[in-house]
>>> print(open('model24.tsv').read())   # TSV, C-alpha atoms and all ligand atoms
chain	number	residue	atom	x	y	z
A	1	MET	CA	31.63	9.90	-17.18
A	2	ALA	CA	33.15	8.02	-20.11
A	3	LYS	CA	31.79	10.06	-23.01
A	4	THR	CA	29.83	13.10	-24.11
A	5	TYR	CA	26.28	12.20	-25.11
A	6	ASN	CA	24.54	13.62	-28.15
A	7	TRP	CA	20.97	14.54	-27.29
A	8	GLY	CA	18.00	15.01	-29.58
A	9	ILE	CA	14.70	16.65	-28.66
A	10	ILE	CA	11.29	15.81	-30.17
A	11	GLY	CA	8.58	18.52	-29.85
A	12	LEU	CA	9.83	22.06	-29.44
A	13	GLY	CA	7.34	23.65	-27.03
A	14	HIS	CA	7.55	25.22	-23.58
A	15	ILE	CA	9.43	22.49	-21.73
A	16	ALA	CA	11.80	21.76	-24.63
A	17	HIS	CA	13.25	25.27	-24.23
A	18	LYS	CA	13.84	24.82	-20.50
A	19	PHE	CA	15.37	21.40	-21.05
A	20	ALA	CA	17.64	22.70	-23.84
A	21	GLN	CA	18.88	25.45	-21.49
A	22	ASP	CA	19.84	22.80	-18.93
A	23	LEU	CA	21.50	20.56	-21.51
A	24	LEU	CA	23.80	23.49	-22.30
A	25	ILE	CA	25.03	23.65	-18.69
A	26	THR	CA	25.32	19.90	-18.10
A	27	LYS	CA	28.76	18.36	-18.34
A	28	ASN	CA	29.10	15.56	-20.90
A	29	ALA	CA	25.83	16.51	-22.63
A	30	ARG	CA	25.53	18.08	-26.07
A	31	LEU	CA	22.36	19.20	-27.82
A	32	HIS	CA	22.95	17.54	-31.19
A	33	ALA	CA	19.58	17.57	-32.99
A	34	VAL	CA	16.03	18.90	-32.64
A	35	ALA	CA	12.80	17.96	-34.42
A	36	SER	CA	9.57	19.81	-34.86
A	37	ARG	CA	6.54	19.28	-37.08
A	38	SER	CA	7.61	22.58	-38.64
A	39	LEU	CA	11.04	23.04	-40.23
A	40	GLU	CA	10.81	26.78	-39.61
A	41	LYS	CA	10.33	26.21	-35.89
A	42	ALA	CA	13.16	23.66	-35.77
A	43	THR	CA	15.47	26.08	-37.58
A	44	ALA	CA	14.71	28.92	-35.15
A	45	PHE	CA	15.19	26.61	-32.14
A	46	ALA	CA	18.49	25.33	-33.57
A	47	GLU	CA	19.74	28.87	-34.11
A	48	LEU	CA	18.84	29.86	-30.55
A	49	TYR	CA	20.73	26.96	-28.94
A	50	HIS	CA	23.41	26.41	-31.61
A	51	VAL	CA	22.14	22.93	-32.53
A	52	PRO	CA	23.96	21.42	-35.54
A	53	HIS	CA	21.08	19.23	-36.84
A	54	TYR	CA	17.41	20.17	-37.13
A	55	PHE	CA	14.44	18.53	-38.78
A	56	GLY	CA	10.91	19.35	-39.88
A	57	SER	CA	9.62	15.91	-38.89
A	58	TYR	CA	10.19	13.59	-35.95
A	59	GLU	CA	10.61	10.57	-38.25
A	60	GLU	CA	13.54	12.26	-40.02
A	61	MET	CA	15.43	12.94	-36.80
A	62	VAL	CA	15.46	9.33	-35.59
A	63	LYS	CA	17.45	8.47	-38.74
A	64	CYS	CA	20.08	11.12	-37.92
A	65	PRO	CA	23.38	9.38	-37.15
A	66	ASP	CA	25.26	9.92	-33.89
A	67	ILE	CA	22.23	10.56	-31.68
A	68	ASP	CA	22.79	8.87	-28.32
A	69	VAL	CA	19.51	9.69	-26.60
A	70	ILE	CA	16.21	11.45	-27.37
A	71	TYR	CA	14.12	13.55	-25.00
A	72	ILE	CA	10.40	13.47	-25.84
A	73	ALA	CA	8.57	16.70	-25.04
A	74	THR	CA	5.29	16.33	-26.94
A	75	PRO	CA	1.81	16.36	-25.32
A	76	HIS	CA	0.87	13.33	-23.18
A	77	THR	CA	-1.23	11.71	-25.91
A	78	PHE	CA	1.86	11.29	-28.14
A	79	HIS	CA	4.34	10.01	-25.56
A	80	CYS	CA	3.76	6.35	-26.39
A	81	GLU	CA	3.87	6.81	-30.18
A	82	HIS	CA	7.05	8.90	-30.09
A	83	THR	CA	8.79	6.63	-27.58
A	84	LEU	CA	8.06	3.60	-29.77
A	85	LEU	CA	9.39	5.49	-32.79
A	86	CYS	CA	12.75	6.06	-31.07
A	87	LEU	CA	12.97	2.60	-29.55
A	88	LYS	CA	12.36	1.00	-32.95
A	89	HIS	CA	15.60	2.72	-34.00
A	90	GLN	CA	17.27	1.55	-30.77
A	91	ILE	CA	17.70	5.11	-29.53
A	92	PRO	CA	17.55	5.49	-25.73
A	93	VAL	CA	14.60	7.57	-24.54
A	94	LEU	CA	13.85	10.06	-21.80
A	95	CYS	CA	10.09	10.65	-22.10
A	96	GLU	CA	8.18	13.41	-20.31
A	97	LYS	CA	5.60	12.73	-17.61
A	98	PRO	CA	3.03	11.26	-17.60
A	99	PHE	CA	4.94	8.42	-19.27
A	100	ALA	CA	1.84	7.75	-21.41
A	101	MET	CA	-1.96	7.98	-21.25
A	102	ASN	CA	-2.53	4.64	-19.52
A	103	ALA	CA	-0.86	1.50	-18.19
A	104	ARG	CA	-1.34	-0.47	-21.42
A	105	GLU	CA	0.67	2.14	-23.34
A	106	VAL	CA	3.42	2.11	-20.72
A	107	GLU	CA	3.55	-1.70	-20.84
A	108	SER	CA	4.06	-1.57	-24.62
A	109	MET	CA	6.86	1.00	-24.25
A	110	ILE	CA	8.68	-1.09	-21.63
A	111	ALA	CA	8.21	-4.28	-23.67
A	112	LEU	CA	9.76	-2.69	-26.76
A	113	ALA	CA	12.63	-1.19	-24.73
A	114	LYS	CA	13.42	-4.67	-23.41
A	115	ALA	CA	13.05	-6.31	-26.83
A	116	GLN	CA	15.34	-3.70	-28.39
A	117	ASP	CA	17.82	-3.77	-25.50
A	118	THR	CA	17.43	0.01	-25.28
A	119	PHE	CA	17.33	2.37	-22.31
A	120	LEU	CA	14.01	3.98	-21.34
A	121	MET	CA	13.14	6.36	-18.48
A	122	GLU	CA	10.26	8.63	-17.47
A	123	ALA	CA	11.34	12.25	-17.06
A	124	LEU	CA	10.02	12.65	-13.52
A	125	TRP	CA	12.78	15.07	-12.72
A	126	THR	CA	11.72	15.79	-9.11
A	127	ARG	CA	12.90	12.27	-8.18
A	128	PHE	CA	16.51	13.27	-8.85
A	129	LEU	CA	16.62	16.63	-7.05
A	130	PRO	CA	18.87	16.99	-3.96
A	131	THR	CA	15.88	18.03	-1.84
A	132	ILE	CA	14.18	14.70	-2.43
A	133	ARG	CA	17.43	12.86	-1.69
A	134	LYS	CA	17.71	14.73	1.64
A	135	THR	CA	14.04	14.04	2.45
A	136	LEU	CA	14.53	10.29	1.92
A	137	GLU	CA	17.73	10.39	3.98
A	138	LEU	CA	15.92	12.04	6.93
A	139	ILE	CA	13.12	9.48	6.73
A	140	ASP	CA	15.48	6.50	6.39
A	141	ASN	CA	17.48	7.72	9.38
A	142	GLY	CA	14.29	7.67	11.44
A	143	THR	CA	14.51	11.42	12.14
A	144	ILE	CA	10.71	11.92	12.17
A	145	GLY	CA	9.89	8.37	13.25
A	146	LYS	CA	7.38	6.22	11.41
A	147	VAL	CA	5.84	8.20	8.56
A	148	LEU	CA	2.07	8.24	8.82
A	149	THR	CA	0.68	11.00	6.62
A	150	LEU	CA	1.55	12.83	3.43
A	151	LYS	CA	-0.25	16.03	2.52
A	152	ALA	CA	0.79	17.33	-0.90
A	153	ASP	CA	-0.73	19.54	-3.55
A	154	PHE	CA	0.19	21.04	-6.89
A	155	GLY	CA	-2.14	23.72	-8.16
A	156	TYR	CA	-1.71	26.77	-10.32
A	157	LYS	CA	-4.02	29.08	-12.21
A	158	ALA	CA	-3.37	28.40	-15.89
A	159	ILE	CA	-4.40	30.99	-18.47
A	160	PHE	CA	-7.58	29.63	-20.00
A	161	ASP	CA	-7.03	28.61	-23.61
A	162	PRO	CA	-9.11	25.71	-24.92
A	163	LYS	CA	-6.50	24.98	-27.60
A	164	ASN	CA	-3.57	24.76	-25.17
A	165	ARG	CA	-2.74	21.21	-24.10
A	166	ILE	CA	-3.59	22.05	-20.47
A	167	PHE	CA	-7.31	22.55	-21.27
A	168	ASN	CA	-7.45	20.49	-24.48
A	169	HIS	CA	-9.17	17.16	-23.85
A	170	GLN	CA	-7.86	15.72	-27.15
A	171	LEU	CA	-4.29	16.31	-25.95
A	172	GLY	CA	-4.86	14.68	-22.53
A	173	GLY	CA	-5.49	18.00	-20.74
A	174	GLY	CA	-6.49	18.39	-17.11
A	175	SER	CA	-4.89	18.78	-13.70
A	176	LEU	CA	-4.40	15.15	-12.71
A	177	LEU	CA	-2.06	14.06	-15.51
A	178	ASP	CA	-0.34	17.43	-15.77
A	179	VAL	CA	0.42	18.29	-12.13
A	180	GLY	CA	-1.49	15.81	-9.92
A	181	ILE	CA	1.10	13.26	-11.01
A	182	TYR	CA	3.68	14.95	-8.75
A	183	PRO	CA	1.90	14.43	-5.40
A	184	ILE	CA	0.92	10.93	-6.54
A	185	PHE	CA	4.54	10.20	-7.41
A	186	LEU	CA	5.57	11.31	-3.89
A	187	SER	CA	2.93	9.10	-2.27
A	188	LEU	CA	4.19	6.12	-4.28
A	189	LEU	CA	7.79	6.88	-3.37
A	190	LEU	CA	7.00	7.08	0.36
A	191	PHE	CA	4.24	4.52	0.83
A	192	GLY	CA	4.06	2.29	-2.25
A	193	LYS	CA	0.65	1.29	-3.56
A	194	PRO	CA	-2.46	2.07	-1.52
A	195	THR	CA	-5.06	-0.35	-0.21
A	196	SER	CA	-7.91	2.00	-1.06
A	197	ILE	CA	-8.53	5.04	-3.22
A	198	LYS	CA	-11.07	7.84	-2.99
A	199	ALA	CA	-11.03	10.63	-5.55
A	200	VAL	CA	-13.29	13.45	-6.68
A	201	THR	CA	-12.95	15.93	-9.49
A	202	SER	CA	-14.56	18.97	-11.06
A	203	ILE	CA	-14.79	18.81	-14.84
A	204	GLY	CA	-14.59	22.15	-16.66
A	205	GLN	CA	-16.16	23.47	-19.85
A	206	THR	CA	-13.52	21.79	-22.08
A	207	ASN	CA	-14.26	18.42	-20.44
A	208	VAL	CA	-10.94	18.20	-18.57
A	209	ASP	CA	-10.54	17.82	-14.79
A	210	GLU	CA	-9.77	21.28	-13.47
A	211	THR	CA	-9.27	20.07	-9.91
A	212	CYS	CA	-8.83	16.67	-8.37
A	213	GLY	CA	-8.87	15.64	-4.71
A	214	ILE	CA	-7.41	12.27	-3.77
A	215	LEU	CA	-7.31	10.21	-0.57
A	216	LEU	CA	-5.11	7.16	-0.47
A	217	GLN	CA	-5.02	4.68	2.41
A	218	TYR	CA	-2.25	2.21	3.31
A	219	PRO	CA	-1.66	-0.50	5.89
A	220	GLY	CA	-0.39	0.67	9.28
A	221	HIS	CA	-2.68	3.72	9.55
A	222	LYS	CA	-0.87	5.58	6.78
A	223	MET	CA	-2.66	8.03	4.54
A	224	ALA	CA	-1.98	10.45	1.67
A	225	ILE	CA	-4.14	13.54	1.12
A	226	LEU	CA	-3.45	14.94	-2.32
A	227	HIS	CA	-4.82	17.71	-4.51
A	228	SER	CA	-4.23	19.13	-7.99
A	229	SER	CA	-5.61	22.14	-9.82
A	230	ILE	CA	-5.20	24.13	-13.01
A	231	ILE	CA	-7.62	26.86	-11.90
A	232	ALA	CA	-6.20	27.92	-8.52
A	233	ASP	CA	-2.84	28.50	-6.89
A	234	THR	CA	-2.94	25.99	-4.05
A	235	GLY	CA	0.40	26.65	-2.36
A	236	THR	CA	2.15	23.58	-3.77
A	237	GLU	CA	3.72	22.23	-0.59
A	238	ALA	CA	4.36	18.73	0.66
A	239	ILE	CA	4.25	17.85	4.36
A	240	ILE	CA	5.43	14.44	5.45
A	241	CYS	CA	4.25	13.73	8.98
A	242	GLY	CA	5.83	11.15	11.23
A	243	GLU	CA	5.40	10.08	14.83
A	244	ARG	CA	8.15	12.45	16.01
A	245	GLY	CA	7.73	15.43	13.70
A	246	ASN	CA	7.37	16.45	10.10
A	247	ILE	CA	9.31	17.45	7.02
A	248	LYS	CA	7.88	20.30	4.99
A	249	ILE	CA	9.16	20.44	1.42
A	250	ASN	CA	8.67	24.10	0.75
A	251	THR	CA	6.84	25.64	-2.17
A	252	ARG	CA	6.91	24.79	-4.99
A	253	TRP	CA	7.73	21.39	-3.65
A	254	HIS	CA	8.09	19.65	-7.03
A	255	GLU	CA	11.07	21.95	-7.77
A	256	PRO	CA	12.16	22.63	-4.20
A	257	THR	CA	15.16	24.54	-3.03
A	258	SER	CA	14.49	24.14	0.68
A	259	LEU	CA	12.88	21.95	3.26
A	260	THR	CA	12.08	22.46	6.92
A	261	LEU	CA	12.42	19.83	9.59
A	262	ASN	CA	9.99	20.29	12.48
A	263	LEU	CA	10.60	18.12	15.51
A	264	LYS	CA	8.62	18.27	18.73
A	265	ASN	CA	10.06	20.77	21.27
A	266	LYS	CA	12.84	21.79	18.89
A	267	GLU	CA	13.46	24.86	16.74
A	268	PRO	CA	12.58	24.28	13.07
A	269	GLN	CA	15.66	23.43	11.01
A	270	ASP	CA	15.93	24.62	7.41
A	271	PHE	CA	17.96	22.95	4.69
A	272	PHE	CA	18.73	24.85	1.48
A	273	PHE	CA	19.68	23.43	-1.89
A	274	ASN	CA	20.63	25.70	-4.72
A	275	TYR	CA	20.99	24.22	-8.14
A	276	ARG	CA	22.08	25.61	-11.46
A	277	GLY	CA	19.60	26.11	-14.25
A	278	ASN	CA	16.04	24.83	-14.16
A	279	GLY	CA	16.74	21.61	-12.23
A	280	TYR	CA	16.71	19.14	-15.15
A	281	GLU	CA	20.48	18.63	-14.92
A	282	TYR	CA	19.98	15.89	-12.30
A	283	GLU	CA	17.77	13.67	-14.45
A	284	ILE	CA	20.08	14.28	-17.43
A	285	GLN	CA	23.08	13.18	-15.36
A	286	GLU	CA	21.23	10.14	-14.00
A	287	LEU	CA	20.35	9.00	-17.51
A	288	MET	CA	23.89	9.44	-18.84
A	289	LYS	CA	25.31	7.62	-15.81
A	290	CYS	CA	22.98	4.69	-16.58
A	291	LEU	CA	24.08	4.66	-20.25
A	292	ASP	CA	27.72	4.78	-19.17
A	293	ARG	CA	27.12	1.66	-17.09
A	294	GLY	CA	25.21	-0.12	-19.85
A	295	MET	CA	21.97	-0.13	-17.85
A	296	LEU	CA	18.57	-0.35	-19.55
A	297	GLU	CA	16.67	1.47	-16.81
A	298	SER	CA	17.35	3.74	-13.86
A	299	LEU	CA	17.08	2.19	-10.41
A	300	LYS	CA	15.69	5.49	-9.08
A	301	MET	CA	12.97	5.73	-11.74
A	302	SER	CA	12.61	2.10	-12.74
A	303	HIS	CA	10.20	0.63	-15.29
A	304	ASP	CA	8.24	-1.00	-12.46
A	305	PHE	CA	7.94	2.30	-10.62
A	306	SER	CA	6.63	4.05	-13.76
A	307	LEU	CA	4.17	1.22	-14.31
A	308	ASP	CA	2.92	1.44	-10.71
A	309	LEU	CA	2.58	5.20	-11.13
A	310	ILE	CA	0.47	5.00	-14.29
A	311	GLU	CA	-1.67	2.18	-12.83
A	312	LEU	CA	-2.36	4.42	-9.87
A	313	LEU	CA	-3.27	7.29	-12.18
A	314	ASP	CA	-5.61	5.00	-14.16
A	315	ALA	CA	-7.28	3.86	-10.95
A	316	ILE	CA	-7.69	7.43	-9.69
A	317	ARG	CA	-9.22	8.42	-13.03
A	318	ILE	CA	-11.79	5.62	-12.72
A	319	GLU	CA	-12.61	6.59	-9.15
A	320	ALA	CA	-12.92	10.30	-9.95
A	321	GLY	CA	-14.54	9.83	-13.38
A	322	ILE	CA	-11.81	11.37	-15.54
A	323	TYR	CA	-12.00	9.83	-18.99
A	324	TYR	CA	-10.19	10.07	-22.32
A	325	PRO	CA	-12.30	7.61	-24.36
A	326	LYS	CA	-9.67	7.04	-27.05
A	327	PHE	CA	-7.22	5.89	-24.40
A	328	ASP	CA	-9.41	4.24	-21.79
A	329	TYR	CA	-8.93	0.48	-22.22
A	330	PHE	CA	-10.75	0.07	-18.90
A	331	VAL	CA	-13.84	2.07	-19.80
A	332	ARG	CA	-16.13	-0.92	-20.38
A	333	SER	CA	-15.27	-2.49	-17.06
A	334	PRO	CA	-14.16	0.28	-14.75
A	335	LYS	CA	-13.34	-2.02	-11.86
A	336	LEU	CA	-10.47	-0.71	-9.77
A	337	GLU	CA	-9.16	-4.20	-9.06
A	338	ASP	CA	-8.72	-4.83	-12.79
A	339	VAL	CA	-6.57	-1.74	-13.14
A	340	ILE	CA	-4.45	-1.63	-10.02
A	341	LYS	CA	-2.94	-4.38	-7.95
A	342	PHE	CA	-3.59	-3.01	-4.48
A	343	SER	CA	-0.91	-3.27	-1.82
A	344	ASN	CA	-1.36	-6.16	0.59
A	345	ASN	CA	1.46	-5.53	3.02
A	401	LIG	N1	9.12	18.15	-16.42
A	401	LIG	C1	8.51	19.32	-16.36
A	401	LIG	O1	8.84	20.18	-15.55
A	401	LIG	C2	7.42	19.61	-17.33
A	401	LIG	C3	6.94	20.92	-17.46
A	401	LIG	C4	6.00	21.19	-18.43
A	401	LIG	C5	5.53	20.16	-19.23
A	401	LIG	N2	5.98	18.89	-19.06
A	401	LIG	C6	5.49	17.80	-19.92
A	401	LIG	O2	6.04	17.99	-21.22
A	401	LIG	C7	5.08	17.70	-22.23
A	401	LIG	C8	4.97	18.92	-23.14
A	401	LIG	O3	4.54	20.03	-22.38
A	401	LIG	P1	4.75	21.55	-22.90
A	401	LIG	O4	4.27	22.41	-21.81
A	401	LIG	O5	6.10	21.74	-23.41
A	401	LIG	O6	3.70	21.58	-24.10
A	401	LIG	P2	3.70	22.55	-25.34
A	401	LIG	O7	4.33	23.85	-25.01
A	401	LIG	O8	2.32	22.53	-25.87
A	401	LIG	O9	4.67	21.81	-26.38
A	401	LIG	C9	4.40	20.54	-26.86
A	401	LIG	C10	5.05	20.37	-28.22
A	401	LIG	O10	4.67	19.10	-28.72
A	401	LIG	C11	4.62	19.13	-30.14
A	401	LIG	N3	3.37	18.55	-30.64
A	401	LIG	C12	3.26	17.43	-31.40
A	401	LIG	N4	2.02	17.17	-31.73
A	401	LIG	C13	1.27	18.16	-31.20
A	401	LIG	C14	-0.11	18.46	-31.25
A	401	LIG	N5	-1.00	17.68	-31.92
A	401	LIG	N6	-0.53	19.54	-30.61
A	401	LIG	C15	0.32	20.34	-29.94
A	401	LIG	N7	1.67	20.12	-29.89
A	401	LIG	C16	2.13	19.03	-30.51
A	401	LIG	C17	4.77	20.59	-30.55
A	401	LIG	O11	6.11	20.75	-31.00
A	401	LIG	P3	6.44	21.00	-32.53
A	401	LIG	O12	5.45	22.01	-33.01
A	401	LIG	O13	7.83	21.51	-32.45
A	401	LIG	O14	6.33	19.70	-33.26
A	401	LIG	C18	4.58	21.37	-29.28
A	401	LIG	O15	5.32	22.56	-29.26
A	401	LIG	C19	3.79	17.35	-21.49
A	401	LIG	O16	3.59	15.96	-21.52
A	401	LIG	C20	4.00	17.82	-20.06
A	401	LIG	O17	3.40	16.98	-19.08
A	401	LIG	C21	6.93	18.62	-18.14
>>> encode(input="model24.tsv", output="structure tokens")
Amino acid sequence: MAKTYNWGIIGLGHIAHKFAQDLLITKNARLHAVASRSLEKATAFAELYHVPHYFGSYEEMVKCPDIDVIYIATPHTFHCEHTLLCLKHQIPVLCEKPFAMNAREVESMIALAKAQDTFLMEALWTRFLPTIRKTLELIDNGTIGKVLTLKADFGYKAIFDPKNRIFNHQLGGGSLLDVGIYPIFLSLLLFGKPTSIKAVTSIGQTNVDETCGILLQYPGHKMAILHSSIIADTGTEAIICGERGNIKINTRWHEPTSLTLNLKNKEPQDFFFNYRGNGYEYEIQELMKCLDRGMLESLKMSHDFSLDLIELLDAIRIEAGIYYPKFDYFVRSPKLEDVIKFSNN
């Protein structure tokens, strides 16, 4: 890598700590600045991770010289606003998942990134993990034959707190956007866009979807059976079934350290992948590699892929009845065809 990149972080909550820990162990990365809505919080965070610059407002940090890239770790409902803030200052952005609340927001982020000639990527870190690379390699080599079915879930029992972003409707709470995005991401990676969508949900007392069940259908008899939850531990495994066998990405599959290959009449074969830290090093390295090469997007997590992903999430929300009125451009005409361009191959 040609240089060491100075990172900034916006929003110093749960994930910002884990990300900061991984920045510290990633070669050619330096945590240069952090921003919180509270100067006290920013100061404490900076002390903990030895960060030279810290700010009590996000707007102040984007004016800080020498920042090469900003990681956005605020709740979903602010992803678009904070991404636009950075892009206006031509600062490359790594923004947490979901990229934004809907496809219109994502379109505006991508448009500004292009207009400003500035790098932008969604922080869907699972995409960059060695386990996913190995899974794709096994599939591409034809090891399990034609892939026909994906079964994947992500469910955990969150501590109930109506103020926490997980249960807070105003902050885009609910299972689909928080964790359901992972199985949906995997379905998009393996199969592309579906030809039909079925989805059901159960809405809890704070008006967020506490569980969501999703069935996606594709040409060639392919199907994805997906599930998310914030009220139950669901196992969090992904099984990719082909004509000759299956690949099980073991729990918790979105941050996997092993997978099992099951072929007919053969002993199961395990593959193990140990990584340092929390696993964010891979997306950090991918982003810096792209900047080194002067790229404006990652080929692994491209703008088009992120747009397809959010369109799919919008369409699933319509089908299941998961609404955030302030963000639902489609609410007056909830026609799936207006929201998602279905696959026709
Ligand atoms: N990639 C992953 O593995 C992963 C894991 C967890 C979460 N995430 C994503 O990361 C994002 C943040 O999740 P988190 O779990 O870190 O959330 P969190 O603990 O609630 O932290 C979010 C931070 O955003 C800032 N913020 C700005 N406006 C806010 C508002 N009105 N209400 C609350 N906080 C506000 C706060 O930082 P300041 O007070 O410092 O301004 C807060 O600490 C989410 O979009 C989530 O999907 C990703």
>>> atom_distance(input="model24.tsv", atom1="atom CA of A:Ser196", atom2="atom CA of A:Ala315")
10.1 Å
>>> atom_distance(input="model24.tsv", atom1="atom CA of A:Met101", atom2="atom CA of A:Lys326")
9.7 Å
>>> atom_distance(input="model24.tsv", atom1="atom CA of A:Cys80", atom2="atom CA of A:Val106")
7.1 Å
>>> residues_around(input="model24.tsv", residues="A:Thr43", least_positions_apart="5", cutoff="10 Å", atoms="only C-alpha atoms", output="JSON, numbers by chain")
{"A": [34, 35, 36, 38, 48, 50, 51, 52, 53, 54, 55, 56]}
>>> residues_around(input="model24.tsv", residues="A:Phe271", least_positions_apart="6", cutoff="12 Å", atoms="only C-alpha atoms", output="number ranges by chain")
A: 130-135, 138, 247-250, 256-262
>>> residues_around(input="model24.tsv", residues="A:Val62", least_positions_apart="3", cutoff="9 Å", atoms="all atoms listed in the file", output="list in words")
Gly8, Tyr58, Glu59, Pro65, Ile67, Ile70, Leu85, Cys86, His89 and Ile91 of chain A
>>> residues_around(input="model24.tsv", residues="A:Thr74", least_positions_apart="3", cutoff="9 Å", atoms="all atoms listed in the file", output="PyMOL selection string")
chain A and resi 10-13+16+77-79+82+95-96
>>> residues_near_point(input="model24.tsv", point="(-3.6, 22.1, -12.8)", cutoff="9 Å", atoms="all atoms listed in the file", output="VMD selection string")
chain A and resid 154 to 158 166 174 to 180 209 to 212 228 to 233
>>> closest_residue(input="model24.tsv", among="A:Tyr5, A:Phe128, A:Phe305, A:Phe119", to="ligand LIG 401 (chain A)", atoms="all atoms listed in the file")
A:Phe128
>>> residues_around(input="model24.tsv", residues="A:Met223", least_positions_apart="4", cutoff="7 Å", atoms="all atoms listed in the file", output="number ranges by chain")
A: 148-150, 216-218
>>> closest_residue(input="model24.tsv", among="A:Asp292, A:Glu81, A:Glu297, A:Glu311", to="ligand LIG 401 (chain A)", atoms="only C-alpha atoms and all ligand atoms")
A:Glu81
>>> closest_residue(input="model24.tsv", among="A:Pro75, A:Lys151, A:Leu307, A:Glu105", to="A:Asn168", atoms="all atoms listed in the file")
A:Pro75
>>> axis_aligned_box(input="model24.tsv", around="ligand LIG 401 (chain A)", padding_each_side="5 Å", output="AutoDock Vina command-line options")
--center_x 4.1 --center_y 19.9 --center_z -24.4 --size_x 20.1 --size_y 17.9 --size_z 27.7
>>> closest_residue(input="model24.tsv", among="A:Val69, A:Ile197, A:Ala100, A:Ala44", to="A:Trp7", atoms="all atoms listed in the file")
A:Val69
>>> closest_residue(input="model24.tsv", among="A:Lys222, A:His169, A:Lys264, A:His76", to="A:Lys146", atoms="all atoms listed in the file")
A:Lys222
>>> closest_residue(input="model24.tsv", among="A:Pro194, A:Pro162, A:Pro268, A:Gly321", to="ligand LIG 401 (chain A)", atoms="only C-alpha atoms and all ligand atoms")
A:Pro162
>>> residues_near_point(input="model24.tsv", point="(19.8, 20.9, -18.4)", cutoff="7 Å", atoms="all atoms listed in the file", output="list in words")
Phe19, Ala20, Gln21, Asp22, Leu23, Leu24, Ile25, Thr26, Gly277, Asn278, Gly279, Tyr280, Glu281 and Ile284 of chain A
>>> write_last_selection(input="model24.tsv", atoms="C-alpha atoms", output="compact mmCIF listing (two decimals), keeping the file's coordinate frame")
# COMPACT_ATOMS: atom_id res chain seq x y z
CA PHE A 19 15.37 21.40 -21.05
CA ALA A 20 17.64 22.70 -23.84
CA GLN A 21 18.88 25.45 -21.49
CA ASP A 22 19.84 22.80 -18.93
CA LEU A 23 21.50 20.56 -21.51
CA LEU A 24 23.80 23.49 -22.30
CA ILE A 25 25.03 23.65 -18.69
CA THR A 26 25.32 19.90 -18.10
CA GLY A 277 19.60 26.11 -14.25
CA ASN A 278 16.04 24.83 -14.16
CA GLY A 279 16.74 21.61 -12.23
CA TYR A 280 16.71 19.14 -15.15
CA GLU A 281 20.48 18.63 -14.92
CA ILE A 284 20.08 14.28 -17.43
